[in-house]
Amino acid sequence: MDACPHDAIVHAPIRFREAAGTPTIDPSNSPCRMCTDAPCIPVCPEGVLLHDRGMKMGEARINILNCLAHQGTFCSTCVEQCPVDGAMRLEDGKPIINSTACTGCGVCQYMCPAPVNPLMILARQT
Ligand code: SF4
Ligand code: SF4
């Protein structure tokens with residue numbers, strides 16, 4: 001939490017029950033900005049954060065019912081703001097996620113201007 005220059009890592013809130021207080025990222029408040037030097041990794045004393053596994057925290061999904069572009073209004077904010085090469089693209093004016101390249105950083109969710117946010121970040125399972 002101290003090493004992250006974007007205050008992306010916070011204490012999990014009480015609704016996380018037994019995991020409350022543990023470090024987590026809430027992309028709707030402050031996503032991971034995918035720092036190239038990842039200062040959060042070397043300061044982890046337990047070796048939980050590792051450089052050699054790639055920065056894959058999860059992946060984003062879009063609920064097309066709430067996405068402006070999928071519902072006929074021009075919008076490409078998530079694709080423009082995504083910091084990961086190849087993770088998002090526009091197809092027929094609609095955002096498409098490459099789940100292999102997506103790291104789950106949450107920048108798309110944070111930047112999306114839709115009144116009901118269509119972006120969910122699913123945690124990495126393995
Ligand atoms: S890589 Fe993400 S979590 Fe780590 S320091 Fe940078 S913004 Fe914070
Ligand atoms: S920023 Fe949000 S509303 Fe706009 S295209 Fe992306 S998911 Fe849809």
# chains A, B, ... in the order shown; residues from 1 in each chain; ligands from 1
$ residues_near_ligand --ligand "ligand 2" --cutoff "10 Å" --atoms "only C-alpha atoms and all ligand atoms" --output "PyMOL selection string"
chain A and resi 60-82+88-90+93-97+107-120
$ closest_atom_pairs --of "chain A" --to "ligand 1" --cutoff "9 Å" --atoms "only C-alpha atoms and all ligand atoms" --output "Markdown table"
| residue | atom | partner | partner_atom_place_in_ligand_line | distance |
| --- | --- | --- | --- | --- |
| A:Met1 | CA | ligand 1 | 8 (Fe) | 7.7 |
| A:Asp2 | CA | ligand 1 | 5 (S) | 8.8 |
| A:Ala3 | CA | ligand 1 | 5 (S) | 6.0 |
| A:Cys4 | CA | ligand 1 | 5 (S) | 3.6 |
| A:Pro5 | CA | ligand 1 | 5 (S) | 5.8 |
| A:His6 | CA | ligand 1 | 7 (S) | 5.3 |
| A:Asp7 | CA | ligand 1 | 8 (Fe) | 6.5 |
| A:Ala8 | CA | ligand 1 | 8 (Fe) | 5.1 |
| A:Ile9 | CA | ligand 1 | 3 (S) | 5.8 |
| A:Ile25 | CA | ligand 1 | 3 (S) | 7.5 |
| A:Ser30 | CA | ligand 1 | 7 (S) | 8.6 |
| A:Pro31 | CA | ligand 1 | 7 (S) | 7.0 |
| A:Cys32 | CA | ligand 1 | 2 (Fe) | 3.7 |
| A:Arg33 | CA | ligand 1 | 7 (S) | 4.2 |
| A:Met34 | CA | ligand 1 | 1 (S) | 4.4 |
| A:Cys35 | CA | ligand 1 | 6 (Fe) | 4.2 |
| A:Thr36 | CA | ligand 1 | 1 (S) | 7.1 |
| A:Asp37 | CA | ligand 1 | 1 (S) | 7.3 |
| A:Ala38 | CA | ligand 1 | 1 (S) | 4.1 |
| A:Pro39 | CA | ligand 1 | 5 (S) | 4.8 |
| A:Cys40 | CA | ligand 1 | 4 (Fe) | 4.3 |
| A:Ile41 | CA | ligand 1 | 4 (Fe) | 6.7 |
| A:Met55 | CA | ligand 1 | 1 (S) | 7.9 |
| A:Cys105 | CA | ligand 1 | 2 (Fe) | 7.4 |
$ residues_around --residues "Gly21 in chain A" --least-positions-apart "5" --cutoff "9 Å" --atoms "only C-alpha atoms" --output "JSON, numbers by chain"
{"A": [10, 11, 12, 13, 14, 16]}
$ closest_residue --among "A:Ser28, A:Asp92, A:Thr100, A:Pro83" --to "Ile121 in chain A" --atoms "only C-alpha atoms"
A:Ser28
$ select_by_dssp --residues "chain A" --states "strand (DSSP E)" --output "PyMOL selection string"
chain A and resi 9-11+23-25+58-62+88-91+94-97+119-123
$ decode --residues "range 19-68 of chain A" --atoms "N, CA and C atoms" --output "PDB file, in the first residue's frame"
ATOM      1  N   ALA A  19     -11.659 -11.670   5.277  1.00  0.00           N
ATOM      2  CA  ALA A  19     -10.554 -11.075   4.509  1.00  0.00           C
ATOM      3  C   ALA A  19     -10.480  -9.565   4.710  1.00  0.00           C
ATOM      4  N   ALA A  20     -11.386  -9.005   5.512  1.00  0.00           N
ATOM      5  CA  ALA A  20     -11.379  -7.555   5.755  1.00  0.00           C
ATOM      6  C   ALA A  20     -10.027  -7.129   6.302  1.00  0.00           C
ATOM      7  N   GLY A  21      -9.522  -6.033   5.790  1.00  0.00           N
ATOM      8  CA  GLY A  21      -8.244  -5.502   6.254  1.00  0.00           C
ATOM      9  C   GLY A  21      -7.055  -5.975   5.433  1.00  0.00           C
ATOM     10  N   THR A  22      -7.238  -7.026   4.650  1.00  0.00           N
ATOM     11  CA  THR A  22      -6.136  -7.497   3.808  1.00  0.00           C
ATOM     12  C   THR A  22      -6.014  -6.591   2.578  1.00  0.00           C
ATOM     13  N   PRO A  23      -4.836  -6.596   1.934  1.00  0.00           N
ATOM     14  CA  PRO A  23      -4.658  -5.699   0.795  1.00  0.00           C
ATOM     15  C   PRO A  23      -5.489  -6.114  -0.410  1.00  0.00           C
ATOM     16  N   THR A  24      -6.123  -5.135  -1.039  1.00  0.00           N
ATOM     17  CA  THR A  24      -6.918  -5.416  -2.229  1.00  0.00           C
ATOM     18  C   THR A  24      -6.893  -4.185  -3.136  1.00  0.00           C
ATOM     19  N   ILE A  25      -7.404  -4.354  -4.339  1.00  0.00           N
ATOM     20  CA  ILE A  25      -7.520  -3.236  -5.277  1.00  0.00           C
ATOM     21  C   ILE A  25      -8.993  -3.055  -5.608  1.00  0.00           C
ATOM     22  N   ASP A  26      -9.492  -1.844  -5.451  1.00  0.00           N
ATOM     23  CA  ASP A  26     -10.865  -1.520  -5.812  1.00  0.00           C
ATOM     24  C   ASP A  26     -10.812  -0.625  -7.042  1.00  0.00           C
ATOM     25  N   PRO A  27     -10.905  -1.215  -8.240  1.00  0.00           N
ATOM     26  CA  PRO A  27     -10.700  -0.433  -9.459  1.00  0.00           C
ATOM     27  C   PRO A  27     -11.685   0.715  -9.629  1.00  0.00           C
ATOM     28  N   SER A  28     -12.865   0.597  -9.032  1.00  0.00           N
ATOM     29  CA  SER A  28     -13.835   1.683  -9.208  1.00  0.00           C
ATOM     30  C   SER A  28     -13.364   2.950  -8.489  1.00  0.00           C
ATOM     31  N   ASN A  29     -12.482   2.815  -7.505  1.00  0.00           N
ATOM     32  CA  ASN A  29     -11.934   3.984  -6.810  1.00  0.00           C
ATOM     33  C   ASN A  29     -10.556   4.359  -7.323  1.00  0.00           C
ATOM     34  N   SER A  30      -9.668   3.370  -7.507  1.00  0.00           N
ATOM     35  CA  SER A  30      -8.333   3.636  -8.019  1.00  0.00           C
ATOM     36  C   SER A  30      -7.761   2.340  -8.584  1.00  0.00           C
ATOM     37  N   PRO A  31      -7.753   2.207  -9.912  1.00  0.00           N
ATOM     38  CA  PRO A  31      -7.267   0.964 -10.514  1.00  0.00           C
ATOM     39  C   PRO A  31      -5.763   0.861 -10.460  1.00  0.00           C
ATOM     40  N   CYS A  32      -5.247  -0.325 -10.692  1.00  0.00           N
ATOM     41  CA  CYS A  32      -3.812  -0.516 -10.891  1.00  0.00           C
ATOM     42  C   CYS A  32      -3.439   0.121 -12.227  1.00  0.00           C
ATOM     43  N   ARG A  33      -2.395   0.922 -12.243  1.00  0.00           N
ATOM     44  CA  ARG A  33      -1.989   1.603 -13.485  1.00  0.00           C
ATOM     45  C   ARG A  33      -0.916   0.845 -14.247  1.00  0.00           C
ATOM     46  N   MET A  34      -0.660  -0.384 -13.841  1.00  0.00           N
ATOM     47  CA  MET A  34       0.282  -1.239 -14.567  1.00  0.00           C
ATOM     48  C   MET A  34       1.655  -0.584 -14.708  1.00  0.00           C
ATOM     49  N   CYS A  35       2.193  -0.077 -13.594  1.00  0.00           N
ATOM     50  CA  CYS A  35       3.526   0.531 -13.614  1.00  0.00           C
ATOM     51  C   CYS A  35       4.527  -0.436 -14.230  1.00  0.00           C
ATOM     52  N   THR A  36       5.366   0.056 -15.115  1.00  0.00           N
ATOM     53  CA  THR A  36       6.346  -0.841 -15.749  1.00  0.00           C
ATOM     54  C   THR A  36       7.361  -1.365 -14.731  1.00  0.00           C
ATOM     55  N   ASP A  37       7.656  -0.559 -13.706  1.00  0.00           N
ATOM     56  CA  ASP A  37       8.613  -1.016 -12.690  1.00  0.00           C
ATOM     57  C   ASP A  37       7.918  -1.691 -11.501  1.00  0.00           C
ATOM     58  N   ALA A  38       6.587  -1.663 -11.453  1.00  0.00           N
ATOM     59  CA  ALA A  38       5.791  -2.326 -10.408  1.00  0.00           C
ATOM     60  C   ALA A  38       6.429  -2.226  -9.024  1.00  0.00           C
ATOM     61  N   PRO A  39       6.481  -1.050  -8.432  1.00  0.00           N
ATOM     62  CA  PRO A  39       7.146  -0.912  -7.130  1.00  0.00           C
ATOM     63  C   PRO A  39       6.480  -1.692  -6.004  1.00  0.00           C
ATOM     64  N   CYS A  40       5.267  -2.154  -6.217  1.00  0.00           N
ATOM     65  CA  CYS A  40       4.592  -2.956  -5.190  1.00  0.00           C
ATOM     66  C   CYS A  40       5.241  -4.330  -5.042  1.00  0.00           C
ATOM     67  N   ILE A  41       5.848  -4.853  -6.100  1.00  0.00           N
ATOM     68  CA  ILE A  41       6.331  -6.243  -6.078  1.00  0.00           C
ATOM     69  C   ILE A  41       7.571  -6.435  -5.192  1.00  0.00           C
ATOM     70  N   PRO A  42       8.654  -5.679  -5.382  1.00  0.00           N
ATOM     71  CA  PRO A  42       9.860  -5.978  -4.591  1.00  0.00           C
ATOM     72  C   PRO A  42       9.716  -5.703  -3.102  1.00  0.00           C
ATOM     73  N   VAL A  43       8.742  -4.901  -2.693  1.00  0.00           N
ATOM     74  CA  VAL A  43       8.609  -4.594  -1.267  1.00  0.00           C
ATOM     75  C   VAL A  43       7.790  -5.650  -0.520  1.00  0.00           C
ATOM     76  N   CYS A  44       7.192  -6.592  -1.238  1.00  0.00           N
ATOM     77  CA  CYS A  44       6.406  -7.636  -0.566  1.00  0.00           C
ATOM     78  C   CYS A  44       7.350  -8.613   0.125  1.00  0.00           C
ATOM     79  N   PRO A  45       7.345  -8.657   1.467  1.00  0.00           N
ATOM     80  CA  PRO A  45       8.340  -9.459   2.182  1.00  0.00           C
ATOM     81  C   PRO A  45       8.082 -10.954   2.083  1.00  0.00           C
ATOM     82  N   GLU A  46       6.867 -11.340   1.742  1.00  0.00           N
ATOM     83  CA  GLU A  46       6.532 -12.767   1.721  1.00  0.00           C
ATOM     84  C   GLU A  46       6.683 -13.379   0.336  1.00  0.00           C
ATOM     85  N   GLY A  47       7.036 -12.560  -0.659  1.00  0.00           N
ATOM     86  CA  GLY A  47       7.161 -13.102  -2.008  1.00  0.00           C
ATOM     87  C   GLY A  47       5.830 -13.488  -2.622  1.00  0.00           C
ATOM     88  N   VAL A  48       4.758 -12.863  -2.142  1.00  0.00           N
ATOM     89  CA  VAL A  48       3.436 -13.161  -2.702  1.00  0.00           C
ATOM     90  C   VAL A  48       3.290 -12.523  -4.080  1.00  0.00           C
ATOM     91  N   LEU A  49       3.816 -11.301  -4.212  1.00  0.00           N
ATOM     92  CA  LEU A  49       3.802 -10.625  -5.512  1.00  0.00           C
ATOM     93  C   LEU A  49       5.102 -10.976  -6.226  1.00  0.00           C
ATOM     94  N   LEU A  50       4.963 -11.509  -7.419  1.00  0.00           N
ATOM     95  CA  LEU A  50       6.136 -12.021  -8.127  1.00  0.00           C
ATOM     96  C   LEU A  50       6.233 -11.417  -9.525  1.00  0.00           C
ATOM     97  N   HIS A  51       7.440 -11.047  -9.923  1.00  0.00           N
ATOM     98  CA  HIS A  51       7.660 -10.521 -11.264  1.00  0.00           C
ATOM     99  C   HIS A  51       7.517 -11.605 -12.325  1.00  0.00           C
ATOM    100  N   ASP A  52       7.936 -12.834 -11.975  1.00  0.00           N
ATOM    101  CA  ASP A  52       8.056 -13.848 -13.025  1.00  0.00           C
ATOM    102  C   ASP A  52       6.730 -14.514 -13.387  1.00  0.00           C
ATOM    103  N   ARG A  53       5.634 -14.137 -12.752  1.00  0.00           N
ATOM    104  CA  ARG A  53       4.339 -14.729 -13.108  1.00  0.00           C
ATOM    105  C   ARG A  53       3.523 -13.822 -14.017  1.00  0.00           C
ATOM    106  N   GLY A  54       4.062 -12.653 -14.334  1.00  0.00           N
ATOM    107  CA  GLY A  54       3.303 -11.718 -15.154  1.00  0.00           C
ATOM    108  C   GLY A  54       2.272 -11.005 -14.310  1.00  0.00           C
ATOM    109  N   MET A  55       1.903  -9.817 -14.730  1.00  0.00           N
ATOM    110  CA  MET A  55       0.960  -9.025 -13.935  1.00  0.00           C
ATOM    111  C   MET A  55      -0.471  -9.363 -14.352  1.00  0.00           C
ATOM    112  N   LYS A  56      -0.914 -10.539 -13.955  1.00  0.00           N
ATOM    113  CA  LYS A  56      -2.262 -11.002 -14.270  1.00  0.00           C
ATOM    114  C   LYS A  56      -3.039 -11.105 -12.971  1.00  0.00           C
ATOM    115  N   MET A  57      -3.905 -10.109 -12.710  1.00  0.00           N
ATOM    116  CA  MET A  57      -4.679 -10.090 -11.469  1.00  0.00           C
ATOM    117  C   MET A  57      -6.066 -10.674 -11.668  1.00  0.00           C
ATOM    118  N   GLY A  58      -6.511 -10.685 -12.919  1.00  0.00           N
ATOM    119  CA  GLY A  58      -7.857 -11.154 -13.223  1.00  0.00           C
ATOM    120  C   GLY A  58      -8.171 -10.762 -14.642  1.00  0.00           C
ATOM    121  N   GLU A  59      -9.459 -10.613 -14.925  1.00  0.00           N
ATOM    122  CA  GLU A  59      -9.813 -10.124 -16.261  1.00  0.00           C
ATOM    123  C   GLU A  59     -11.144  -9.394 -16.215  1.00  0.00           C
ATOM    124  N   ALA A  60     -11.289  -8.490 -17.169  1.00  0.00           N
ATOM    125  CA  ALA A  60     -12.501  -7.676 -17.239  1.00  0.00           C
ATOM    126  C   ALA A  60     -13.566  -8.361 -18.093  1.00  0.00           C
ATOM    127  N   ARG A  61     -14.801  -8.124 -17.732  1.00  0.00           N
ATOM    128  CA  ARG A  61     -15.948  -8.568 -18.538  1.00  0.00           C
ATOM    129  C   ARG A  61     -16.880  -7.376 -18.711  1.00  0.00           C
ATOM    130  N   ILE A  62     -17.597  -7.351 -19.823  1.00  0.00           N
ATOM    131  CA  ILE A  62     -18.533  -6.259 -20.099  1.00  0.00           C
ATOM    132  C   ILE A  62     -19.964  -6.788 -20.090  1.00  0.00           C
ATOM    133  N   ASN A  63     -20.820  -6.165 -19.316  1.00  0.00           N
ATOM    134  CA  ASN A  63     -22.256  -6.431 -19.395  1.00  0.00           C
ATOM    135  C   ASN A  63     -22.804  -5.537 -20.509  1.00  0.00           C
ATOM    136  N   ILE A  64     -23.066  -6.130 -21.668  1.00  0.00           N
ATOM    137  CA  ILE A  64     -23.396  -5.322 -22.844  1.00  0.00           C
ATOM    138  C   ILE A  64     -24.702  -4.555 -22.679  1.00  0.00           C
ATOM    139  N   LEU A  65     -25.553  -4.969 -21.753  1.00  0.00           N
ATOM    140  CA  LEU A  65     -26.816  -4.251 -21.551  1.00  0.00           C
ATOM    141  C   LEU A  65     -26.581  -2.848 -21.005  1.00  0.00           C
ATOM    142  N   ASN A  66     -25.460  -2.655 -20.309  1.00  0.00           N
ATOM    143  CA  ASN A  66     -25.171  -1.346 -19.718  1.00  0.00           C
ATOM    144  C   ASN A  66     -24.096  -0.565 -20.472  1.00  0.00           C
ATOM    145  N   CYS A  67     -23.535  -1.158 -21.506  1.00  0.00           N
ATOM    146  CA  CYS A  67     -22.464  -0.501 -22.273  1.00  0.00           C
ATOM    147  C   CYS A  67     -23.065   0.432 -23.316  1.00  0.00           C
ATOM    148  N   LEU A  68     -22.624   1.686 -23.300  1.00  0.00           N
ATOM    149  CA  LEU A  68     -23.152   2.683 -24.232  1.00  0.00           C
ATOM    150  C   LEU A  68     -22.940   2.248 -25.671  1.00  0.00           C
TER     151      LEU A  68
END
